[in-house]
Amino acid sequence: MRLTVFGATGGVGREVVRQALEAGHEVTAVVRDPARLRIPAHERLRVAVVRDLTDGDALLPVLTGRDAVISALGPANNKQARLAPVTGPALRSIVAAMDRAGVSRLSAVSAAPLAPDTRGDGALARLVLYPILRRALRDLYADLAVMEAEIAASGTRWTVVRPPRLLNRPRTGSYRRALDANVPGGKVIPRADVADALLTTLTDPATPGHALGVAT
């Protein structure tokens, strides 16, 4: 496939680019600072600098002719999300530019606390862990919630991937998945496995229009 990857210099995004190239895809990595990508030059890798992801005209050239889009965007921390939300405004512009470019498939990373609570999450997560996280990181999750709403209201064939706590570990490929729910008892997952999930959902006919919980 011909893919455009947003958030390509982050921990998940960099893994998406690596794995996509390994799988034989053509990748346009959208970055603000090319030096942060830290991936060797490759004949199927194009690095595109777009400093304002809310600029639809700047987005159009990196989307035209693409088969699918992956967003690994996310606020760096709660303070950043409070001062300048990232994912909501960016995805609002990205899905609009996708429509202009005629690109329909989108896979985007979100977070497990955005999923509705279920008994499968376990009492500790439902009653203690998630409430604490939602209070402590309320601005970050508010930004992600706006992002999810923008995606769901778009005309894209979208999938949102919701991981729990992220780890810097190698890809296992053996993580668990749950459609429109969190993985029961799922507490962690390697960033490399989240990247794997973002890529594999693109060709999984069961995932468009759904959120996908992932965890080890």
# chains A, B, ... in the order shown; residues from 1 in each chain; ligands from 1
>>> select_by_dssp(residues="region 37-184 of chain A", states="strand (DSSP E or B)", output="list of chain:residue names")
A:Leu45, A:Arg46, A:Val47, A:Ala48, A:Val49, A:Ala68, A:Val69, A:Ile70, A:Ser71, A:Arg105, A:Leu106, A:Ser107, A:Ala108, A:Val109, A:Arg157, A:Trp158, A:Thr159, A:Val160, A:Val161, A:Arg162, A:Arg165, A:Leu166, A:Leu167, A:Arg176, A:Arg177, A:Ala178, A:Leu179
>>> residues_around(residues="Ala58 (chain A)", least_positions_apart="5", cutoff="12 Å", atoms="only C-alpha atoms", output="ChimeraX atom specification")
/A:30,48-53,63-64,93-94,97-98,101
>>> residues_around(residues="Gln19 (chain A)", least_positions_apart="5", cutoff="10 Å", atoms="only C-alpha atoms", output="VMD selection string")
chain A and resid 13 to 14 24 to 25 171 192 195 to 196 199
>>> write_last_selection(atoms="C-alpha atoms", output="PDB file, in the first residue's frame")
ATOM      1  CA  GLY A  13       4.834   6.379  14.759  1.00  0.00           C
ATOM      2  CA  ARG A  14       8.481   5.516  14.225  1.00  0.00           C
ATOM      3  CA  GLY A  24       6.926  -3.606   1.501  1.00  0.00           C
ATOM      4  CA  HIS A  25       4.664  -0.553   1.720  1.00  0.00           C
ATOM      5  CA  ARG A 171       7.149  -6.361  18.876  1.00  0.00           C
ATOM      6  CA  ALA A 192       5.819  -1.874  18.568  1.00  0.00           C
ATOM      7  CA  ALA A 195       2.178  -0.072  15.535  1.00  0.00           C
ATOM      8  CA  ASP A 196       1.467  -3.605  14.353  1.00  0.00           C
ATOM      9  CA  LEU A 199      -1.061  -1.484  10.280  1.00  0.00           C
TER      10      LEU A 199
END
>>> select_by_dssp(residues="region 23-165 of chain A", states="alpha helix (DSSP H)", output="VMD selection string")
chain A and resid 56 to 63 78 to 83 87 to 101 123 to 124 130 to 136 138 to 152
>>> closest_residue(among="A:Asn78, A:Val47, A:Met1, A:Arg135", to="Thr200 (chain A)", atoms="only C-alpha atoms")
A:Met1
>>> residues_around(residues="Ser174 (chain A)", least_positions_apart="6", cutoff="10 Å", atoms="only C-alpha atoms", output="count of residues only")
3
>>> atom_distance(atom1="CA of Ala29 (chain A)", atom2="CA of Ala96 (chain A)")
18.8 Å
>>> closest_residue(among="A:Arg100, A:Lys79, A:Arg92, A:Arg66", to="Val146 (chain A)", atoms="only C-alpha atoms")
A:Arg92
>>> closest_residue(among="A:Pro170, A:Pro113, A:Gly155, A:Gly102", to="Arg134 (chain A)", atoms="only C-alpha atoms")
A:Pro113
>>> closest_residue(among="A:Ser107, A:Ser71, A:Gln80, A:Thr9", to="Tyr141 (chain A)", atoms="only C-alpha atoms")
A:Gln80
>>> residues_around(residues="region 178-184 of chain A", least_positions_apart="3", cutoff="7 Å", atoms="only C-alpha atoms", output="number ranges by chain")
A: 112, 115, 120-121, 210-215
>>> write_last_selection(atoms="C-alpha atoms", output="PDB file, in the first residue's frame")
ATOM      1  CA  ALA A 112      -7.767   2.651  26.680  1.00  0.00           C
ATOM      2  CA  ALA A 115     -13.440   3.137  26.119  1.00  0.00           C
ATOM      3  CA  GLY A 120     -14.325  -7.149  31.818  1.00  0.00           C
ATOM      4  CA  ASP A 121     -11.988  -4.320  32.830  1.00  0.00           C
ATOM      5  CA  HIS A 210     -14.928   0.407  15.330  1.00  0.00           C
ATOM      6  CA  ALA A 211     -12.537   1.001  18.198  1.00  0.00           C
ATOM      7  CA  LEU A 212     -10.072  -1.788  18.892  1.00  0.00           C
ATOM      8  CA  GLY A 213      -8.739  -2.462  22.361  1.00  0.00           C
ATOM      9  CA  VAL A 214      -5.260  -3.992  22.397  1.00  0.00           C
ATOM     10  CA  ALA A 215      -3.077  -5.300  25.230  1.00  0.00           C
TER      11      ALA A 215
END
>>> atom_distance(atom1="CA of Ala125 (chain A)", atom2="CA of Leu140 (chain A)")
18.6 Å
